[in-house]
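**Student:** Below is work-v1.txt; it holds compact mmCIF, C-alpha atoms.
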# COMPACT_ATOMS: atom_id res chain seq x y z
CA MET A 1 210.11 59.90 -99.19
CA THR A 2 206.78 60.76 -97.62
CA ASP A 3 207.01 62.09 -94.08
CA TYR A 4 204.18 60.18 -92.39
CA THR A 5 204.98 61.72 -89.02
CA GLN A 6 203.50 65.03 -90.17
CA SER A 7 200.34 63.61 -91.75
CA GLY A 8 196.98 63.79 -90.04
CA GLU A 9 196.51 60.02 -90.45
CA PHE A 10 199.73 59.35 -88.55
CA ARG A 11 198.71 61.66 -85.71
CA ALA A 12 195.29 59.99 -85.52
CA SER A 13 196.97 56.59 -85.33
CA LEU A 14 199.30 57.83 -82.61
CA ASN A 15 196.33 59.16 -80.69
CA ASP A 16 194.62 55.78 -80.65
CA GLY A 17 197.75 54.24 -79.15
CA ASN A 18 198.49 51.72 -81.92
CA ILE A 19 201.98 52.98 -82.59
CA ALA A 20 202.58 55.57 -79.90
CA SER A 21 205.65 53.67 -78.72
CA VAL A 22 207.38 54.10 -82.12
CA GLN A 23 208.96 57.25 -80.66
CA HIS A 24 211.19 54.95 -78.57
CA LEU A 25 212.82 53.49 -81.70
CA LYS A 26 215.94 55.64 -81.92
CA ASN A 27 217.20 54.35 -85.28
CA GLU A 28 215.49 56.60 -87.81
CA ILE A 29 215.57 54.00 -90.58
CA LEU A 30 214.06 51.34 -88.29
CA ARG A 31 211.38 53.73 -87.04
CA GLY A 32 210.55 54.66 -90.65
CA LEU A 33 210.24 50.99 -91.60
CA VAL A 34 207.86 50.28 -88.73
CA VAL A 35 205.69 53.29 -89.61
CA GLN A 36 205.63 52.22 -93.27
CA LYS A 37 204.66 48.64 -92.38
CA PHE A 38 202.02 49.92 -89.96
CA PHE A 39 200.27 51.69 -92.84
CA TYR A 40 200.85 48.73 -95.21
CA ALA A 41 199.21 46.40 -92.66
CA LYS A 42 196.29 48.80 -92.23
CA GLN A 43 195.84 48.88 -96.01
CA CYS A 44 195.78 45.05 -96.00
CA GLY A 45 193.17 44.89 -93.24
CA VAL A 46 195.72 43.68 -90.70
CA LYS A 47 196.39 45.22 -87.30
CA LEU A 48 200.10 45.71 -86.63
CA THR A 49 200.76 45.95 -82.92
CA ILE A 50 204.07 47.36 -81.73
CA GLU A 51 205.40 46.35 -78.33
CA ILE A 52 208.32 48.22 -76.85
CA ALA A 53 209.25 49.15 -73.32
CA ASN A 54 208.97 52.79 -72.35
CA THR A 55 212.70 53.08 -72.81
CA ASP A 56 214.68 53.87 -75.92
CA PHE A 57 215.53 51.00 -78.28
CA ILE A 58 218.59 51.47 -80.44
CA LEU A 59 220.52 49.11 -82.65
CA SER A 60 224.16 50.09 -82.52
CA TYR A 61 225.31 47.51 -85.03
CA GLY A 62 224.09 46.19 -88.42
CA VAL A 63 221.10 48.53 -88.70
CA THR A 64 220.83 48.40 -92.51
CA VAL A 65 220.92 44.61 -92.60
CA ALA A 66 218.50 44.36 -89.68
CA VAL A 67 216.04 46.66 -91.48
CA ARG A 68 216.17 44.46 -94.60
CA ILE A 69 215.49 41.37 -92.48
CA ILE A 70 212.71 42.96 -90.42
CA GLY A 71 211.09 44.42 -93.54
CA ASN A 72 210.96 40.99 -95.17
CA LEU A 73 209.65 39.29 -92.03
CA LEU A 74 206.96 41.94 -91.56
CA ASP A 75 205.86 41.68 -95.21
CA ASN A 76 205.53 37.91 -94.89
CA ALA A 77 203.72 38.15 -91.54
CA ILE A 78 201.25 40.75 -92.85
CA GLU A 79 200.56 38.77 -96.04
CA GLN A 80 199.96 35.62 -93.99
CA ALA A 81 197.74 37.38 -91.44
CA GLN A 82 195.67 38.81 -94.29
CA LYS A 83 194.56 35.23 -95.12
CA MET A 84 193.69 34.34 -91.53
CA THR A 85 190.70 34.96 -89.28
CA ASP A 86 192.97 36.54 -86.67
CA LYS A 87 194.45 39.44 -88.63
CA ILE A 88 196.99 40.61 -86.06
CA VAL A 89 200.76 40.88 -86.40
CA THR A 90 202.88 41.82 -83.41
CA VAL A 91 206.39 43.22 -83.55
CA ALA A 92 208.18 43.44 -80.22
CA PHE A 93 211.46 45.23 -79.50
CA ASN A 94 213.50 44.18 -76.48
CA GLU A 95 217.02 44.96 -75.34
CA ILE A 96 218.87 43.03 -72.64
CA ASP A 97 222.57 43.35 -71.81
CA ASN A 98 223.73 44.66 -75.22
CA THR A 99 221.57 42.12 -77.03
CA ALA A 100 218.67 43.39 -79.13
CA GLU A 101 215.73 41.17 -79.96
CA ILE A 102 213.09 41.99 -82.55
CA ALA A 103 210.30 39.43 -82.55
CA ILE A 104 207.52 39.23 -85.13
CA SER A 105 204.51 37.06 -84.41
CA ASN A 106 201.62 36.18 -86.72
CA PRO A 107 198.93 33.51 -87.16
CA ILE A 108 199.75 30.48 -89.32
CA ASP A 109 197.96 27.70 -91.18
CA SER A 110 198.04 24.14 -89.92
CA ASP A 111 200.31 23.22 -92.88
CA PHE A 112 203.06 25.65 -91.78
CA ASN A 113 206.45 23.90 -91.87
CA GLN A 114 209.18 25.86 -90.10
CA HIS A 115 211.84 23.48 -91.42
CA GLN A 116 211.06 24.30 -95.07
CA ILE A 117 210.45 28.04 -94.97
CA PHE A 118 214.09 29.05 -95.39
CA GLU A 119 214.72 26.69 -98.33
CA THR A 120 215.36 28.34 -101.68
CA GLY A 121 212.22 28.26 -103.81
CA TYR A 122 209.87 27.16 -101.02
CA SER A 123 206.75 29.29 -101.02
CA THR A 124 203.11 29.04 -100.06
CA LYS A 125 202.39 31.81 -102.58
CA GLY A 126 202.94 29.93 -105.85
CA SER A 127 205.80 29.41 -108.28
CA ASN A 128 208.73 31.77 -108.85
CA ARG A 129 208.60 32.83 -105.20
CA GLY A 130 210.35 31.70 -102.05
CA LEU A 131 213.40 33.94 -102.15
CA GLY A 132 212.53 36.32 -99.29
CA LEU A 133 213.19 34.02 -96.36
CA THR A 134 216.17 32.52 -98.18
CA ASN A 135 217.58 36.05 -98.34
CA VAL A 136 216.81 36.49 -94.63
CA ARG A 137 218.69 33.29 -93.84
CA ASP A 138 221.66 34.37 -95.96
CA LEU A 139 221.77 37.86 -94.40
CA VAL A 140 221.69 36.40 -90.89
CA GLU A 141 224.44 33.91 -91.73
CA GLN A 142 226.66 36.61 -93.29
CA GLN A 143 226.36 39.07 -90.41
CA LYS A 144 228.42 38.41 -87.28
CA GLY A 145 226.34 38.64 -84.13
CA PHE A 146 223.03 38.00 -85.95
CA TYR A 147 220.88 34.98 -85.07
CA MET A 148 217.34 33.84 -85.93
CA ASP A 149 215.03 31.97 -83.62
CA ILE A 150 211.72 30.49 -84.75
CA GLU A 151 209.03 29.26 -82.40
CA THR A 152 205.57 27.94 -83.21
CA LYS A 153 202.90 27.83 -80.57
CA LYS A 154 199.10 27.56 -80.79
CA ASN A 155 198.71 28.47 -84.47
CA TYR A 156 201.21 31.34 -84.24
CA VAL A 157 204.79 31.64 -85.38
CA THR A 158 207.28 34.01 -83.80
CA MET A 159 210.46 34.82 -85.69
CA THR A 160 213.03 36.62 -83.59
CA LEU A 161 216.07 38.42 -84.92
CA ILE A 162 218.72 38.51 -82.22
CA VAL A 163 221.55 41.03 -82.62
CA THR A 164 224.49 40.84 -80.25
CA GLU A 165 227.45 43.15 -80.11
CA ASP A 166 229.80 40.20 -80.62
CA LYS A 167 231.25 41.50 -83.87
Once more with this new file: its structure as C-alpha cells, please.
**Tutor:**
Amino acid sequence: MTDYTQSGEFRASLNDGNIASVQHLKNEILRGLVVQKFFYAKQCGVKLTIEIANTDFILSYGVTVAVRIIGNLLDNAIEQAQKMTDKIVTVAFNEIDNTAEIAISNPIDSDFNQHQIFETGYSTKGSNRGLGLTNVRDLVEQQKGFYMDIETKKNYVTMTLIVTEDK
C-alpha cells in the first residue's frame, strides 16, 4: 500500500488546508480511506471537503463495515459530482454521546429518486450496475447499531451513516 502521508503531494494538500483535519480521524483504516478518496476525487476533477471538529473522531465499533459503506458512498458521490457543475463532495464526521455520524453530501440531478437508489439493479450508470447501494443497505441492515439517513435539499443529497454503541 502506498503511504500517501509521506508524499510531497500529500504534504502540499495538507498545507492548503483541504484535508488538514484528517489527522483527527483516529481509526487508521478510516483515515487511509479518506486520504485515498481525496486523491481519487482530485483525479476526477472533484473537490472533496472534509469537515471534522478539532477533536479526535474514533469509531469504536464496526470499523471495517463502516469503511466499506463510506467507501461506496464516497465513490458514488464523487462519480455523481463529476457530472455536475458544482463538483464538490463533503464528508463530515461528528460524534455526539457515543453516536458517530458520517455524512456525505453531493450535488444531484433533478431526476434523483431517493426511494429507488437502494433497490437491487437500480442504477443511473447503465445496465449491469446498481449493486453498490444495495450492498450498503444490506451491510447497514446486518450490523447492529448501524442506521442510514438520506436527506435531499436544494439539489444536494446527504447520506448519513449513524453508528451507535447499541450492539
**Student:** Do you know which residues are at most 10 Å from segment 76-91 of chain A counting only C-alpha atoms, after dropping those on the same chain fewer than 4 positions away, and could you put them as a ChimeraX atom specification?
**Tutor:** /A:34,37-38,40-42,44-52,70-72,102-109,124-125,132-133,156-160
**Student:** Within 12 Å of Ile29 of chain A, counting all atoms listed in the file, which residues show up once you throw out same-chain ones fewer than 2 positions away? Write them as a list in words, please.
**Tutor:**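 Here the qualifying residues turn out to be Met1, Val22, Leu25, Lys26, Asn27, Arg31, Gly32, Leu33, Val34, Val35, Gln36, Ile58, Leu59, Gly62, Val63, Thr64, Val65, Ala66, Val67, Arg68, Ile70 and Gly71 of chain A.
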**Student:** Looking at all atoms listed in the file, which of A:Gln143, A:Gln23, A:Asn98, A:Thr152 is the one that sits closest to Ile69 of chain A?
**Tutor:** A:Gln143
**Student:** Which residue out of A:Thr55, A:Gln142, A:Thr134, A:Ser60 has the minimum interatomic distance to Val163 of chain A when only C-alpha atoms are used?
**Tutor:**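 With only C-alpha atoms as the atom set, the closest residue is A:Ser60.
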**Student:** Just how far from atom CA of Glu101 of chain A is atom CA of Gly145 of chain A, in Å to one decimal?
**Tutor:**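 Interatomic distance here is 11.7 Å.
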**Student:** One decimal, Å: what's the distance from atom CA of Ala92 of chain A over to atom CA of Glu28 of chain A, could you say?
**Tutor:**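 Atom CA of Glu28 of chain A lies 16.9 Å from atom CA of Ala92 of chain A.
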**Student:** Could you tell me how far atom CA of Ile162 of chain A sits from atom CA of Leu139 of chain A, in Å to one decimal place?
**Tutor:**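 Distance reported for this atom pair: 12.6 Å.
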**Student:** Using only C-alpha atoms, which residue out of A:Val136, A:Met148, A:Ala53, A:Ala20 lies closest to Phe93 of chain A?
**Tutor:**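 When distances to Phe93 of chain A are compared using only C-alpha atoms, the smallest one comes from A:Ala53.
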**Student:** I'd like to know which of A:Gln43, A:Asn94, A:Ser21, A:Asn54 is closest to Leu161 of chain A, using all atoms listed in the file.
**Tutor:**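 Of A:Gln43, A:Asn94, A:Ser21, A:Asn54, the one nearest Leu161 of chain A is A:Asn94, counting all atoms listed in the file.
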**Student:** Could you pull segment 135-152 of chain A out of the structure I just pasted and write it to a file containing N, CA, C and O atoms, as a PDB file, in the first residue's frame?
**Tutor:**
ATOM      1  N   ASN A 135     -25.672  -3.144  -1.637  1.00  0.00           N
ATOM      2  CA  ASN A 135     -24.725  -3.686  -0.653  1.00  0.00           C
ATOM      3  C   ASN A 135     -24.676  -2.808   0.590  1.00  0.00           C
ATOM      4  O   ASN A 135     -24.603  -3.316   1.711  1.00  0.00           O
ATOM      5  N   VAL A 136     -24.699  -1.489   0.403  1.00  0.00           N
ATOM      6  CA  VAL A 136     -24.719  -0.564   1.544  1.00  0.00           C
ATOM      7  C   VAL A 136     -25.944  -0.842   2.409  1.00  0.00           C
ATOM      8  O   VAL A 136     -25.834  -0.980   3.632  1.00  0.00           O
ATOM      9  N   ARG A 137     -27.091  -0.934   1.773  1.00  0.00           N
ATOM     10  CA  ARG A 137     -28.329  -1.211   2.518  1.00  0.00           C
ATOM     11  C   ARG A 137     -28.213  -2.518   3.299  1.00  0.00           C
ATOM     12  O   ARG A 137     -28.542  -2.575   4.486  1.00  0.00           O
ATOM     13  N   ASP A 138     -27.713  -3.565   2.639  1.00  0.00           N
ATOM     14  CA  ASP A 138     -27.586  -4.865   3.298  1.00  0.00           C
ATOM     15  C   ASP A 138     -26.610  -4.815   4.470  1.00  0.00           C
ATOM     16  O   ASP A 138     -26.869  -5.371   5.538  1.00  0.00           O
ATOM     17  N   LEU A 139     -25.477  -4.128   4.290  1.00  0.00           N
ATOM     18  CA  LEU A 139     -24.495  -4.011   5.367  1.00  0.00           C
ATOM     19  C   LEU A 139     -25.072  -3.274   6.567  1.00  0.00           C
ATOM     20  O   LEU A 139     -24.862  -3.676   7.714  1.00  0.00           O
ATOM     21  N   VAL A 140     -25.811  -2.199   6.301  1.00  0.00           N
ATOM     22  CA  VAL A 140     -26.432  -1.438   7.388  1.00  0.00           C
ATOM     23  C   VAL A 140     -27.453  -2.300   8.120  1.00  0.00           C
ATOM     24  O   VAL A 140     -27.488  -2.323   9.353  1.00  0.00           O
ATOM     25  N   GLU A 141     -28.261  -3.041   7.361  1.00  0.00           N
ATOM     26  CA  GLU A 141     -29.291  -3.882   7.984  1.00  0.00           C
ATOM     27  C   GLU A 141     -28.692  -5.029   8.790  1.00  0.00           C
ATOM     28  O   GLU A 141     -29.265  -5.456   9.789  1.00  0.00           O
ATOM     29  N   GLN A 142     -27.536  -5.534   8.392  1.00  0.00           N
ATOM     30  CA  GLN A 142     -26.914  -6.672   9.072  1.00  0.00           C
ATOM     31  C   GLN A 142     -26.138  -6.269  10.320  1.00  0.00           C
ATOM     32  O   GLN A 142     -25.838  -7.108  11.162  1.00  0.00           O
ATOM     33  N   GLN A 143     -25.791  -5.012  10.437  1.00  0.00           N
ATOM     34  CA  GLN A 143     -24.930  -4.559  11.527  1.00  0.00           C
ATOM     35  C   GLN A 143     -25.778  -3.887  12.612  1.00  0.00           C
ATOM     36  O   GLN A 143     -26.434  -2.891  12.341  1.00  0.00           O
ATOM     37  N   LYS A 144     -25.754  -4.435  13.812  1.00  0.00           N
ATOM     38  CA  LYS A 144     -26.493  -3.820  14.918  1.00  0.00           C
ATOM     39  C   LYS A 144     -25.894  -2.453  15.224  1.00  0.00           C
ATOM     40  O   LYS A 144     -24.686  -2.276  15.223  1.00  0.00           O
ATOM     41  N   GLY A 145     -26.764  -1.485  15.462  1.00  0.00           N
ATOM     42  CA  GLY A 145     -26.317  -0.142  15.793  1.00  0.00           C
ATOM     43  C   GLY A 145     -25.963   0.716  14.592  1.00  0.00           C
ATOM     44  O   GLY A 145     -25.485   1.830  14.756  1.00  0.00           O
ATOM     45  N   PHE A 146     -26.201   0.207  13.369  1.00  0.00           N
ATOM     46  CA  PHE A 146     -25.945   0.980  12.147  1.00  0.00           C
ATOM     47  C   PHE A 146     -27.282   1.433  11.560  1.00  0.00           C
ATOM     48  O   PHE A 146     -28.218   0.646  11.458  1.00  0.00           O
ATOM     49  N   TYR A 147     -27.331   2.691  11.150  1.00  0.00           N
ATOM     50  CA  TYR A 147     -28.538   3.261  10.546  1.00  0.00           C
ATOM     51  C   TYR A 147     -28.125   4.185   9.416  1.00  0.00           C
ATOM     52  O   TYR A 147     -27.042   4.775   9.450  1.00  0.00           O
ATOM     53  N   MET A 148     -28.987   4.318   8.403  1.00  0.00           N
ATOM     54  CA  MET A 148     -28.749   5.243   7.288  1.00  0.00           C
ATOM     55  C   MET A 148     -29.855   6.277   7.277  1.00  0.00           C
ATOM     56  O   MET A 148     -31.028   5.951   7.454  1.00  0.00           O
ATOM     57  N   ASP A 149     -29.461   7.506   7.043  1.00  0.00           N
ATOM     58  CA  ASP A 149     -30.423   8.592   6.884  1.00  0.00           C
ATOM     59  C   ASP A 149     -30.116   9.272   5.556  1.00  0.00           C
ATOM     60  O   ASP A 149     -28.941   9.493   5.233  1.00  0.00           O
ATOM     61  N   ILE A 150     -31.155   9.580   4.784  1.00  0.00           N
ATOM     62  CA  ILE A 150     -30.974  10.240   3.500  1.00  0.00           C
ATOM     63  C   ILE A 150     -31.839  11.493   3.489  1.00  0.00           C
ATOM     64  O   ILE A 150     -33.026  11.444   3.831  1.00  0.00           O
ATOM     65  N   GLU A 151     -31.221  12.592   3.103  1.00  0.00           N
ATOM     66  CA  GLU A 151     -31.949  13.855   3.034  1.00  0.00           C
ATOM     67  C   GLU A 151     -31.586  14.559   1.733  1.00  0.00           C
ATOM     68  O   GLU A 151     -30.404  14.644   1.379  1.00  0.00           O
ATOM     69  N   THR A 152     -32.604  15.032   1.017  1.00  0.00           N
ATOM     70  CA  THR A 152     -32.361  15.821  -0.184  1.00  0.00           C
ATOM     71  C   THR A 152     -32.825  17.242   0.071  1.00  0.00           C
ATOM     72  O   THR A 152     -33.895  17.460   0.647  1.00  0.00           O
TER      73      THR A 152
END
